[in-house]
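Coordinates as given in protein-v3.txt (compact mmCIF, C-alpha atoms and all ligand atoms):
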```
# COMPACT_ATOMS: atom_id res chain seq x y z
CA MET A 1 -92.05 64.50 -185.76
CA ALA A 2 -93.80 63.43 -182.57
CA GLU A 3 -97.56 63.11 -182.27
CA ALA A 4 -99.22 66.46 -181.53
CA THR A 5 -100.29 66.72 -177.89
CA ALA A 6 -101.52 69.68 -175.90
CA ALA A 7 -98.88 72.26 -175.08
CA THR A 8 -97.71 72.66 -171.49
CA VAL A 9 -97.70 76.19 -170.11
CA LEU A 10 -95.35 76.96 -167.23
CA HIS A 11 -96.14 80.28 -165.62
CA VAL A 12 -93.29 82.38 -164.27
CA GLY A 13 -94.58 84.68 -161.54
CA GLY A 14 -93.04 87.81 -160.12
CA ALA A 15 -93.11 91.50 -160.97
CA ALA A 16 -93.09 90.84 -164.74
CA PRO A 17 -94.88 87.50 -165.14
CA TYR A 18 -94.75 85.50 -168.38
CA ASP A 19 -95.46 82.06 -169.79
CA VAL A 20 -93.13 79.37 -171.09
CA VAL A 21 -94.97 77.23 -173.64
CA VAL A 22 -93.62 73.74 -174.35
CA GLY A 23 -94.94 71.34 -176.96
CA HIS A 24 -94.85 70.05 -180.50
CA ASP A 25 -95.89 72.22 -183.45
CA VAL A 26 -96.55 75.28 -181.28
CA LEU A 27 -94.93 78.08 -183.34
CA ALA A 28 -98.33 79.70 -183.94
CA ARG A 29 -98.35 80.69 -180.25
CA VAL A 30 -95.71 83.38 -180.84
CA ARG A 31 -98.40 86.00 -181.56
CA ASP A 32 -100.17 85.35 -178.24
CA LEU A 33 -96.89 85.70 -176.38
CA LEU A 34 -96.13 89.03 -178.07
CA GLY A 35 -99.45 90.45 -176.93
CA PRO A 36 -101.87 92.72 -178.77
CA GLY A 37 -100.09 96.11 -178.75
CA VAL A 38 -97.01 95.22 -180.82
CA ARG A 39 -96.83 96.57 -184.41
CA ARG A 40 -93.22 95.95 -185.31
CA VAL A 41 -90.79 93.14 -184.57
CA ALA A 42 -87.00 92.90 -184.83
CA LEU A 43 -86.30 89.26 -185.66
CA CYS A 44 -82.91 88.29 -184.19
CA HIS A 45 -81.88 84.91 -185.45
CA ALA A 46 -78.92 82.60 -185.81
CA PRO A 47 -77.78 81.63 -189.32
CA GLY A 48 -78.32 78.19 -190.83
CA LEU A 49 -81.60 77.28 -189.17
CA GLY A 50 -83.19 76.14 -192.44
CA ASP A 51 -86.87 77.04 -192.74
CA LEU A 52 -87.32 77.53 -188.99
CA VAL A 53 -86.85 81.30 -189.15
CA ALA A 54 -89.20 81.55 -192.15
CA ARG A 55 -91.83 79.59 -190.24
CA VAL A 56 -91.61 81.98 -187.28
CA ARG A 57 -91.76 84.93 -189.68
CA ASP A 58 -94.95 83.49 -191.23
CA GLN A 59 -96.54 83.64 -187.79
CA LEU A 60 -95.78 87.37 -187.63
CA ASP A 61 -97.99 88.06 -190.64
CA GLY A 62 -99.53 91.54 -190.37
CA LEU A 63 -96.63 92.93 -188.33
CA GLU A 64 -93.71 94.86 -189.82
CA VAL A 65 -90.63 92.64 -189.45
CA LEU A 66 -87.09 94.02 -189.30
CA ASP A 67 -84.62 91.24 -190.04
CA LEU A 68 -81.70 91.31 -187.58
CA PRO A 69 -79.46 88.31 -188.37
CA LEU A 70 -76.78 87.58 -185.76
CA PRO A 71 -73.49 85.70 -186.22
CA ASP A 72 -73.50 82.10 -185.05
CA GLY A 73 -72.82 80.92 -181.50
CA GLU A 74 -70.47 82.92 -179.29
CA HIS A 75 -69.55 85.17 -182.27
CA ALA A 76 -72.92 86.85 -181.62
CA LYS A 77 -72.03 87.78 -178.05
CA THR A 78 -69.72 90.74 -178.70
CA ALA A 79 -69.89 94.50 -178.20
CA VAL A 80 -69.43 95.03 -181.97
CA VAL A 81 -72.53 92.97 -182.74
CA ALA A 82 -74.51 94.87 -180.08
CA ALA A 83 -73.43 98.22 -181.54
CA GLU A 84 -74.45 97.15 -185.05
CA ALA A 85 -77.87 96.06 -183.81
CA TRP A 86 -78.41 99.38 -181.98
CA GLU A 87 -77.57 101.25 -185.21
CA ALA A 88 -80.06 99.13 -187.17
CA LEU A 89 -82.81 99.73 -184.59
CA GLY A 90 -82.06 103.46 -184.63
CA GLU A 91 -82.23 103.64 -188.41
CA ALA A 92 -85.56 101.81 -188.37
CA GLY A 93 -86.94 104.18 -185.70
CA PHE A 94 -87.71 101.28 -183.40
CA THR A 95 -89.90 102.46 -180.46
CA ARG A 96 -91.09 101.12 -177.13
CA SER A 97 -94.27 99.74 -178.72
CA ASP A 98 -92.08 97.46 -180.86
CA ALA A 99 -90.60 94.13 -179.73
CA VAL A 100 -87.72 91.73 -180.34
CA VAL A 101 -88.23 88.06 -181.22
CA THR A 102 -85.21 85.75 -180.99
CA VAL A 103 -84.90 82.46 -182.85
CA GLY A 104 -81.86 80.30 -182.13
CA GLY A 105 -79.73 78.74 -179.43
CA GLY A 106 -78.63 80.24 -176.14
CA ALA A 107 -76.09 82.55 -177.76
CA THR A 108 -78.89 84.08 -179.84
CA THR A 109 -81.33 84.39 -176.94
CA ASP A 110 -78.56 85.89 -174.75
CA MET A 111 -77.60 88.49 -177.37
CA GLY A 112 -81.12 89.17 -178.68
CA GLY A 113 -82.21 89.50 -175.07
CA PHE A 114 -79.37 91.92 -174.37
CA ILE A 115 -80.29 94.05 -177.40
CA ALA A 116 -83.91 94.13 -176.16
CA ALA A 117 -82.76 94.95 -172.63
CA THR A 118 -80.60 97.87 -173.70
CA TRP A 119 -82.55 99.46 -176.58
CA LEU A 120 -84.49 102.43 -175.15
CA ARG A 121 -83.60 100.89 -171.74
CA GLY A 122 -85.77 97.91 -172.48
CA VAL A 123 -88.31 96.73 -175.04
CA PRO A 124 -90.26 93.44 -174.85
CA VAL A 125 -88.63 90.23 -176.10
CA VAL A 126 -90.12 86.84 -176.91
CA HIS A 127 -87.66 83.97 -177.16
CA VAL A 128 -88.12 81.03 -179.54
CA PRO A 129 -85.22 78.80 -178.40
CA THR A 130 -84.18 76.17 -180.94
CA THR A 131 -81.59 74.17 -178.96
CA LEU A 132 -82.27 71.94 -175.99
CA LEU A 133 -79.95 74.08 -173.89
CA ALA A 134 -81.74 77.30 -174.75
CA MET A 135 -85.16 75.76 -174.08
CA VAL A 136 -84.31 74.44 -170.62
CA ASP A 137 -82.06 77.27 -169.53
CA ALA A 138 -80.92 80.27 -171.60
CA ALA A 139 -84.32 81.52 -172.76
CA VAL A 140 -85.89 81.38 -169.29
CA GLY A 141 -85.12 83.62 -166.33
CA GLY A 142 -84.04 86.89 -167.92
CA LYS A 143 -80.23 86.69 -167.84
CA THR A 144 -78.90 88.33 -171.00
CA GLY A 145 -75.36 89.19 -171.95
CA MET A 146 -72.19 89.00 -173.93
CA ASN A 147 -68.52 88.14 -173.50
CA THR A 148 -65.46 90.38 -173.16
CA GLY A 149 -61.76 89.57 -173.53
CA ALA A 150 -61.58 88.82 -169.81
CA GLY A 151 -64.31 86.23 -169.86
CA LYS A 152 -67.76 84.92 -170.44
CA ASN A 153 -70.99 86.91 -169.89
CA LEU A 154 -69.14 89.71 -168.12
CA VAL A 155 -71.49 92.34 -169.56
CA GLY A 156 -75.23 91.95 -169.39
CA SER A 157 -78.45 92.64 -167.61
CA PHE A 158 -81.52 90.98 -166.19
CA HIS A 159 -84.38 91.44 -168.65
CA GLU A 160 -87.26 89.04 -168.37
CA PRO A 161 -88.90 87.92 -171.60
CA ALA A 162 -92.56 88.58 -172.39
CA GLY A 163 -92.81 84.89 -173.27
CA VAL A 164 -90.84 81.80 -174.26
CA LEU A 165 -91.91 79.33 -176.93
CA CYS A 166 -90.24 75.91 -176.87
CA ASP A 167 -91.27 74.00 -179.98
CA LEU A 168 -89.74 70.55 -179.47
CA ASP A 169 -89.99 69.89 -183.22
CA ALA A 170 -87.18 72.44 -183.69
CA LEU A 171 -84.84 69.90 -182.08
CA VAL A 172 -85.22 67.48 -185.01
CA THR A 173 -82.54 69.32 -187.03
CA LEU A 174 -80.25 69.92 -184.05
CA PRO A 175 -76.93 68.06 -184.47
CA ARG A 176 -76.51 65.32 -181.84
CA PRO A 177 -73.50 66.97 -180.11
CA GLU A 178 -75.67 70.05 -179.46
CA LEU A 179 -78.46 67.89 -178.03
CA VAL A 180 -75.93 66.13 -175.82
CA ALA A 181 -74.54 69.50 -174.66
CA GLY A 182 -78.05 70.63 -173.69
CA LEU A 183 -78.46 67.60 -171.46
CA ALA A 184 -75.67 68.93 -169.24
CA GLU A 185 -77.93 71.77 -168.05
CA VAL A 186 -80.81 69.30 -167.67
CA LEU A 187 -78.65 67.04 -165.50
CA LYS A 188 -77.47 70.10 -163.56
CA CYS A 189 -81.11 70.64 -162.56
CA GLY A 190 -81.22 66.98 -161.51
CA PHE A 191 -78.25 67.40 -159.19
CA ILE A 192 -79.24 70.72 -157.65
CA ALA A 193 -82.98 70.20 -157.24
CA ASP A 194 -84.81 67.35 -158.98
CA PRO A 195 -83.13 63.90 -158.71
CA GLU A 196 -86.00 62.37 -160.73
CA ILE A 197 -84.26 63.93 -163.74
CA LEU A 198 -81.19 61.79 -163.02
CA ALA A 199 -83.32 58.67 -162.63
CA LEU A 200 -85.06 59.31 -165.96
CA VAL A 201 -81.78 59.71 -167.84
CA GLU A 202 -80.19 56.72 -166.10
CA ALA A 203 -83.21 54.56 -166.97
CA ASP A 204 -82.97 55.29 -170.71
CA PRO A 205 -80.15 57.54 -171.95
CA ASP A 206 -81.15 57.00 -175.61
CA ALA A 207 -84.71 58.23 -175.00
CA ALA A 208 -83.26 61.34 -173.35
CA LEU A 209 -81.55 62.12 -176.65
CA ASP A 210 -84.55 61.62 -178.92
CA PRO A 211 -86.66 64.79 -179.44
CA ALA A 212 -89.73 62.72 -180.29
CA THR A 213 -89.90 60.84 -176.98
CA PRO A 214 -92.15 61.68 -174.02
CA ALA A 215 -89.01 61.20 -171.90
CA LEU A 216 -87.25 64.17 -173.47
CA ARG A 217 -90.34 66.30 -173.11
CA GLU A 218 -90.61 65.38 -169.44
CA LEU A 219 -86.93 66.25 -168.96
CA VAL A 220 -87.45 69.64 -170.65
CA GLU A 221 -90.47 70.43 -168.51
CA ARG A 222 -88.79 69.31 -165.30
CA ALA A 223 -85.63 71.31 -165.99
CA ILE A 224 -87.64 74.43 -166.82
CA GLY A 225 -89.62 73.81 -163.63
CA VAL A 226 -86.41 73.82 -161.60
CA LYS A 227 -85.20 77.03 -163.24
CA VAL A 228 -88.54 78.78 -162.79
CA GLY A 229 -88.69 77.73 -159.14
CA VAL A 230 -85.31 79.33 -158.52
CA VAL A 231 -85.69 82.56 -160.50
CA VAL A 232 -89.09 83.52 -159.10
CA ASP A 233 -87.49 83.61 -155.66
CA ASP A 234 -84.22 85.30 -156.59
CA LEU A 235 -84.35 86.89 -160.04
CA ARG A 236 -81.33 89.15 -159.53
CA GLU A 237 -79.12 86.60 -157.80
CA THR A 238 -79.04 88.48 -154.53
CA GLY A 239 -79.48 85.35 -152.41
CA GLY A 240 -82.01 82.73 -151.44
CA ARG A 241 -84.05 81.97 -148.35
CA ASP A 242 -83.83 79.37 -145.58
CA GLY A 243 -80.24 78.41 -146.34
CA HIS A 244 -80.83 77.91 -150.08
CA PRO A 245 -78.23 79.77 -152.16
CA GLY A 246 -80.92 81.16 -154.48
CA ARG A 247 -80.17 81.77 -158.15
CA GLU A 248 -76.47 80.99 -157.69
CA ALA A 249 -77.56 77.33 -157.50
CA LEU A 250 -78.11 77.48 -161.29
CA ASN A 251 -74.42 78.28 -161.61
CA TYR A 252 -73.49 74.75 -160.49
CA GLY A 253 -70.41 73.72 -162.50
CA HIS A 254 -70.13 77.11 -164.19
CA THR A 255 -67.06 78.58 -162.46
CA LEU A 256 -64.67 76.18 -164.16
CA ALA A 257 -66.96 75.87 -167.23
CA HIS A 258 -66.63 79.54 -168.15
CA ALA A 259 -62.85 79.38 -167.65
CA ILE A 260 -62.64 76.36 -169.98
CA GLU A 261 -64.77 78.13 -172.61
CA ARG A 262 -62.58 81.22 -172.52
CA GLY A 263 -59.36 79.18 -172.36
CA THR A 264 -60.28 77.22 -175.49
CA GLY A 265 -61.47 80.27 -177.45
CA TYR A 266 -65.09 79.03 -177.12
CA ARG A 267 -64.27 75.89 -179.12
CA VAL A 268 -65.72 73.76 -176.29
CA ARG A 269 -69.53 73.96 -176.15
CA HIS A 270 -71.08 75.58 -173.08
CA GLY A 271 -72.89 72.37 -172.09
CA GLU A 272 -69.71 70.31 -172.46
CA ALA A 273 -67.83 72.79 -170.27
CA VAL A 274 -70.63 72.66 -167.68
CA ALA A 275 -70.35 68.86 -167.58
CA LEU A 276 -66.63 69.16 -166.84
CA GLY A 277 -67.30 71.92 -164.33
CA MET A 278 -69.78 69.72 -162.47
CA VAL A 279 -67.28 66.85 -162.29
CA TYR A 280 -64.77 69.39 -160.95
CA VAL A 281 -67.00 70.77 -158.18
CA ALA A 282 -68.25 67.31 -157.25
CA GLU A 283 -64.63 66.26 -156.71
CA LEU A 284 -63.88 69.52 -154.87
CA ALA A 285 -66.87 69.00 -152.57
CA ARG A 286 -65.85 65.37 -151.96
CA ARG A 287 -62.30 66.45 -151.08
CA VAL A 288 -63.38 69.10 -148.59
CA GLY A 289 -65.76 66.65 -146.92
CA ARG A 290 -69.03 68.09 -148.18
CA LEU A 291 -70.16 65.44 -150.66
CA ASP A 292 -70.23 61.64 -150.36
CA ALA A 293 -68.19 59.64 -152.87
CA ALA A 294 -71.22 57.84 -154.34
CA THR A 295 -72.94 61.10 -155.34
CA ALA A 296 -69.67 62.49 -156.69
CA ASP A 297 -69.20 59.33 -158.80
CA ARG A 298 -72.81 59.51 -159.99
CA HIS A 299 -71.93 62.73 -161.80
CA GLU A 300 -69.38 60.97 -163.99
CA GLN A 301 -71.59 57.96 -164.60
CA VAL A 302 -74.69 59.81 -165.74
CA LEU A 303 -72.76 62.41 -167.76
CA ARG A 304 -70.84 59.66 -169.57
CA SER A 305 -74.02 57.68 -170.24
CA VAL A 306 -75.23 60.41 -172.62
CA GLY A 307 -71.81 61.11 -174.14
CA LEU A 308 -70.84 64.21 -172.14
CA PRO A 309 -67.16 64.78 -171.31
CA VAL A 310 -65.86 64.04 -167.80
CA ARG A 311 -62.16 64.78 -168.38
CA LEU A 312 -60.48 67.76 -170.09
CA ALA A 313 -58.91 65.34 -172.58
CA ASP A 314 -62.41 64.30 -173.77
CA VAL A 315 -62.69 67.74 -175.42
CA GLY A 316 -58.98 68.08 -176.26
CA ALA A 317 -58.50 70.69 -173.51
CA ASP A 318 -55.99 68.92 -171.27
CA ASP A 319 -53.38 71.50 -172.29
CA LEU A 320 -55.24 74.11 -170.20
CA GLY A 321 -53.04 74.86 -167.20
CA PHE A 322 -54.33 75.22 -163.65
CA GLU A 323 -52.87 78.73 -163.23
CA GLU A 324 -54.62 80.04 -166.32
CA LEU A 325 -57.96 78.52 -165.32
CA LEU A 326 -57.60 79.86 -161.78
CA ALA A 327 -56.91 83.38 -163.05
CA THR A 328 -60.09 83.32 -165.15
CA MET A 329 -62.12 81.83 -162.30
CA ARG A 330 -61.16 84.85 -160.21
CA VAL A 331 -63.38 87.10 -162.39
CA ASP A 332 -66.37 84.78 -161.97
CA LYS A 333 -69.42 86.76 -160.84
CA LYS A 334 -69.73 84.73 -157.66
CA ALA A 335 -66.25 85.80 -156.50
CA ARG A 336 -66.06 88.54 -153.86
CA GLY A 337 -62.76 90.38 -153.84
CA ASP A 338 -59.97 87.79 -153.63
CA ARG A 339 -62.35 85.15 -152.39
CA LEU A 340 -63.50 82.52 -154.87
CA ARG A 341 -66.96 81.09 -154.25
CA PHE A 342 -68.13 77.78 -155.74
CA LEU A 343 -71.54 76.23 -155.88
CA VAL A 344 -71.19 72.73 -154.43
CA LEU A 345 -73.55 70.06 -153.09
CA ASP A 346 -73.84 69.01 -149.45
CA GLY A 347 -75.77 66.06 -150.86
CA LEU A 348 -78.14 65.35 -153.71
CA ALA A 349 -80.44 68.36 -154.28
CA ARG A 350 -78.71 70.25 -151.45
CA PRO A 351 -76.85 73.11 -153.17
CA THR A 352 -74.68 75.35 -151.05
CA VAL A 353 -71.82 77.81 -151.41
CA LEU A 354 -68.20 76.86 -150.70
CA ALA A 355 -66.35 80.13 -150.05
CA GLY A 356 -62.58 80.50 -150.20
CA PRO A 357 -61.47 76.88 -150.60
CA GLU A 358 -57.74 76.17 -150.13
CA GLU A 359 -55.71 76.34 -153.33
CA ASP A 360 -54.49 72.77 -152.69
CA ALA A 361 -58.05 71.47 -152.91
CA LEU A 362 -58.69 73.50 -156.09
CA ARG A 363 -55.54 72.07 -157.64
CA ALA A 364 -56.31 68.50 -156.59
CA ALA A 365 -59.79 68.73 -158.14
CA TYR A 366 -58.16 70.08 -161.30
CA ASP A 367 -55.75 67.11 -161.33
CA HIS A 368 -58.84 64.88 -161.16
CA VAL A 369 -60.45 66.34 -164.33
CA ARG A 370 -57.05 66.30 -166.00
CA ARG A 371 -56.44 62.59 -165.28
CA ALA A 372 -56.83 59.98 -168.01
CA THR A 373 -60.39 59.28 -169.06
CA PRO A 374 -61.74 56.38 -166.94
N1 LIG B 401 -78.99 83.34 -170.07
C1 LIG B 401 -78.92 82.18 -169.47
O1 LIG B 401 -79.53 81.96 -168.41
C2 LIG B 401 -78.10 81.11 -170.08
C3 LIG B 401 -78.23 79.79 -169.63
C4 LIG B 401 -77.48 78.79 -170.22
C5 LIG B 401 -76.63 79.10 -171.27
N2 LIG B 401 -76.53 80.39 -171.71
C6 LIG B 401 -75.69 80.70 -172.87
O2 LIG B 401 -76.19 79.95 -173.99
C7 LIG B 401 -75.12 79.73 -174.90
C8 LIG B 401 -75.10 78.28 -175.32
O3 LIG B 401 -76.32 78.00 -175.97
P1 LIG B 401 -76.44 76.78 -177.00
O4 LIG B 401 -75.86 75.57 -176.43
O5 LIG B 401 -77.84 76.78 -177.46
O6 LIG B 401 -75.42 77.20 -178.15
P2 LIG B 401 -75.58 78.08 -179.48
O7 LIG B 401 -76.56 79.15 -179.34
O8 LIG B 401 -74.19 78.44 -179.85
O9 LIG B 401 -76.15 77.03 -180.52
C9 LIG B 401 -75.39 75.89 -180.85
C10 LIG B 401 -75.40 75.63 -182.37
O10 LIG B 401 -76.63 75.05 -182.78
C11 LIG B 401 -77.14 75.73 -183.91
N3 LIG B 401 -78.59 75.56 -183.87
C12 LIG B 401 -79.46 76.16 -183.04
N4 LIG B 401 -80.69 75.64 -183.20
C13 LIG B 401 -80.61 74.71 -184.16
C14 LIG B 401 -81.55 73.82 -184.75
N5 LIG B 401 -82.79 73.75 -184.32
N6 LIG B 401 -81.11 73.00 -185.74
C15 LIG B 401 -79.81 73.03 -186.15
N7 LIG B 401 -78.88 73.83 -185.60
C16 LIG B 401 -79.27 74.65 -184.62
C17 LIG B 401 -76.65 77.13 -183.72
O11 LIG B 401 -76.73 77.86 -184.91
C18 LIG B 401 -75.23 76.89 -183.21
O12 LIG B 401 -74.36 76.62 -184.28
C19 LIG B 401 -73.85 80.14 -174.20
O13 LIG B 401 -73.45 81.41 -174.67
C20 LIG B 401 -74.27 80.24 -172.74
O14 LIG B 401 -73.47 81.15 -172.03
C21 LIG B 401 -77.25 81.37 -171.14
O1 LIG B 402 -79.74 81.44 -165.00
C1 LIG B 402 -78.77 81.40 -164.25
O2 LIG B 402 -78.70 82.08 -163.23
C2 LIG B 402 -77.63 80.52 -164.56
O3 LIG B 402 -76.60 80.59 -163.90
C3 LIG B 402 -77.80 79.59 -165.69
C4 LIG B 402 -76.50 79.16 -166.36
O4 LIG B 402 -76.73 77.87 -166.92
C5 LIG B 402 -76.09 80.07 -167.50
O5 LIG B 402 -75.00 79.51 -168.19
C6 LIG B 402 -75.83 81.51 -167.18
O6 LIG B 402 -75.67 82.28 -168.34
C7 LIG B 402 -74.58 81.70 -166.36
O7 LIG B 402 -74.68 82.94 -165.77
P1 LIG B 402 -73.45 83.82 -165.32
O8 LIG B 402 -74.10 84.83 -164.45
O9 LIG B 402 -72.49 82.94 -164.60
O10 LIG B 402 -72.87 84.40 -166.55
ZN ZN B 403 -75.14 77.36 -168.27
```
Since I need it in another form, could you write the structure as C-alpha cells?
Amino acid sequence: MAEATAATVLHVGGAAPYDVVVGHDVLARVRDLLGPGVRRVALCHAPGLGDLVARVRDQLDGLEVLDLPLPDGEHAKTAVVAAEAWEALGEAGFTRSDAVVTVGGGATTDMGGFIAATWLRGVPVVHVPTTLLAMVDAAVGGKTGMNTGAGKNLVGSFHEPAGVLCDLDALVTLPRPELVAGLAEVLKCGFIADPEILALVEADPDAALDPATPALRELVERAIGVKVGVVVDDLRETGGRDGHPGREALNYGHTLAHAIERGTGYRVRHGEAVALGMVYVAELARRVGRLDAATADRHEQVLRSVGLPVRLADVGADDLGFEELLATMRVDKKARGDRLRFLVLDGLARPTVLAGPEEDALRAAYDHVRRATP
C-alpha cells in the first residue's frame, strides 16, 4: 500500500455538478459523496472483490443497505440483469430519496449506473470504481448502458453520478492484465488531448503499472482531467466547439474495438480492444493523409511497451473477418445512416472526425492490424 497523501478532488461542473475523489485509503469519503438526505442504499457490486465490498459497506453504517450483486464483467450488462434489479428495487420499495452505490469495474459502474438512471426515471448513484479503467473512464461522465445481440452499449442513457470515489489501494488486488487493459484508455487520453501522458508512460512503463507509484496516480488524475474537460463541454455527445469533435473524441479507437468485443463474444477485454482500435484508426488516418507516420508508429510503440496488443493475433482474434467487423461497425453510435464516422487524429492531440472513408482504406487498415505481430 502506498503512503497516505491528501486526496485530490476533481470537480465536474455543469447542470449536475459532482466531485471525483482520487487518493489512497479514501473509502470513508463515500458518505460525503452520497450527501445528507439518503437513508437507503442499493449496493451494486461485482463478485470476487474480496473484502473491498465489505469495507465499502462498513462506511454505510447507519444506512439501510440492499445488497444487489451483479454478474461479473459483460455478463452484468444485459436486459435480464436490469429486469431482475428493477424487480428487487420494487420489492424493497426503493424511493427517490434512496441511492445506488456501485463497487466494481466498468461493467459494474455501467450497469449499476443504468439501473440508477432508469429506476423511477433516475435516482442518485455514487460510483466506487475498482479497476484502473473504471477509475479513469467508465465511472466518470455519466454514460451508462448495456449490450444487445447487435452490439456493445446499444441501450443506455446519460446519468451523471452524484460522486466518484477512486481509491487507488483497490488496484492492489487487480490482476495485471486488467491493469494493462486500463492503460489503453489512459493512453487514449494521451493521444487525443494530453501528450504528457504518453511521455510519462514512455519514460517508465513499469511505474505506470504499479498502483503504489506517484506515476500511476499522476496518470489517473491526468486521464480523468481529460475526460472531465470533454464531458463538461459536451455531456450528451451532440458536438464540440471551435472545430473540436466534443465527446466523440473519447471514442477514439472504439469503432473497431466494440466490433472486436462483440465478434469475440466479449472474450477480449475492452481496453485490449481499444488498443487495437487505436492502432487501426492511426493506420487509417495515415493512409488517408491525415496523420504523420511517426505519430501513427508511436501508437504501436507505447501500447506495446506496457503489454497491450497491437495486432489481432495478439489476442487470438485474427480469425475475425473484415466483412463481419464492418457489419458491426455500421451500428456504431457515431454512424449516420450508411455513413461510417471514425474518430481520427490530424496530429497529436488534434482529434477530428473522418466521415465516410473509402472501403479500400478501411480494408487496408484492417490488413495492417491483421498482419504478423512486429
Ligand atoms: N461508461 C463509460 O464511459 C465507459 C468508459 C469505458 C469503459 N466502459 C465499459 O467498462 C467496461 C470495462 O471495464 P473494466 O475494464 O473495468 O472491466 P470489468 O468491469 O469487466 O472488470 C474486469 C475484471 O476485474 C475484476 N475486478 C474489478 N475490480 C477488481 C479489483 N480491485 N481486484 C480484483 N479484481 C477486480 C472484475 O470483477 C472483472 O472480472 C466495458 O463494459 C466498457 O464498455 C464504459
Ligand atoms: O465517455 C465516452 O464518451 C466514451 O466514449 C468513453 C469510452 O471509453 C467508453 O468505452 C464508452 O462506453 C463508449 O461509449 P459508446 O457511446 O461508444 O458506447
Ligand atoms: Zn472505452
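Compared by their closest atoms to Thr5 of chain A, and using all atoms listed in the file, the residues A:Leu168, A:Met111, A:Ala92, A:Leu133 rank with A:Leu168 nearest.
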query: Can you list, as a list in words, every protein, DNA or RNA residue that comes within 9 Å of Ala349 of chain A when you count all atoms listed in the file, leaving out same-chain residues fewer than 6 positions away?
result: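 Contacts, with the query itself left out: Cys189, Gly190, Phe191, Ile192, Ala193, Asp194 and Pro195 of chain A.
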task: Quick one: pull the distance between atom CA of Ala6 of chain A and atom CA of Ala223 of chain A, Å, one decimal.
output: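 About the pair atom CA of Ala6 of chain A and atom CA of Ala223 of chain A: they are 18.8 Å apart.
Straight-line separation from atom CA of Thr102 of chain A to atom CA of His127 of chain A: 4.9 Å.
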- prompt: With only C-alpha atoms as the atoms that count, which of A:Lys143, A:Val306, A:Gly265, A:Thr373 lies nearest to Asp318 of chain A?
  reply: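 Smallest separation from Asp318 of chain A among the options: A:Thr373.
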- prompt: Which is closer to ligand LIG 401 (chain B) than all the others in A:Ile224, A:Ala170, A:Leu165, A:Val123, using only C-alpha atoms and all ligand atoms?
  reply: A:Ala170
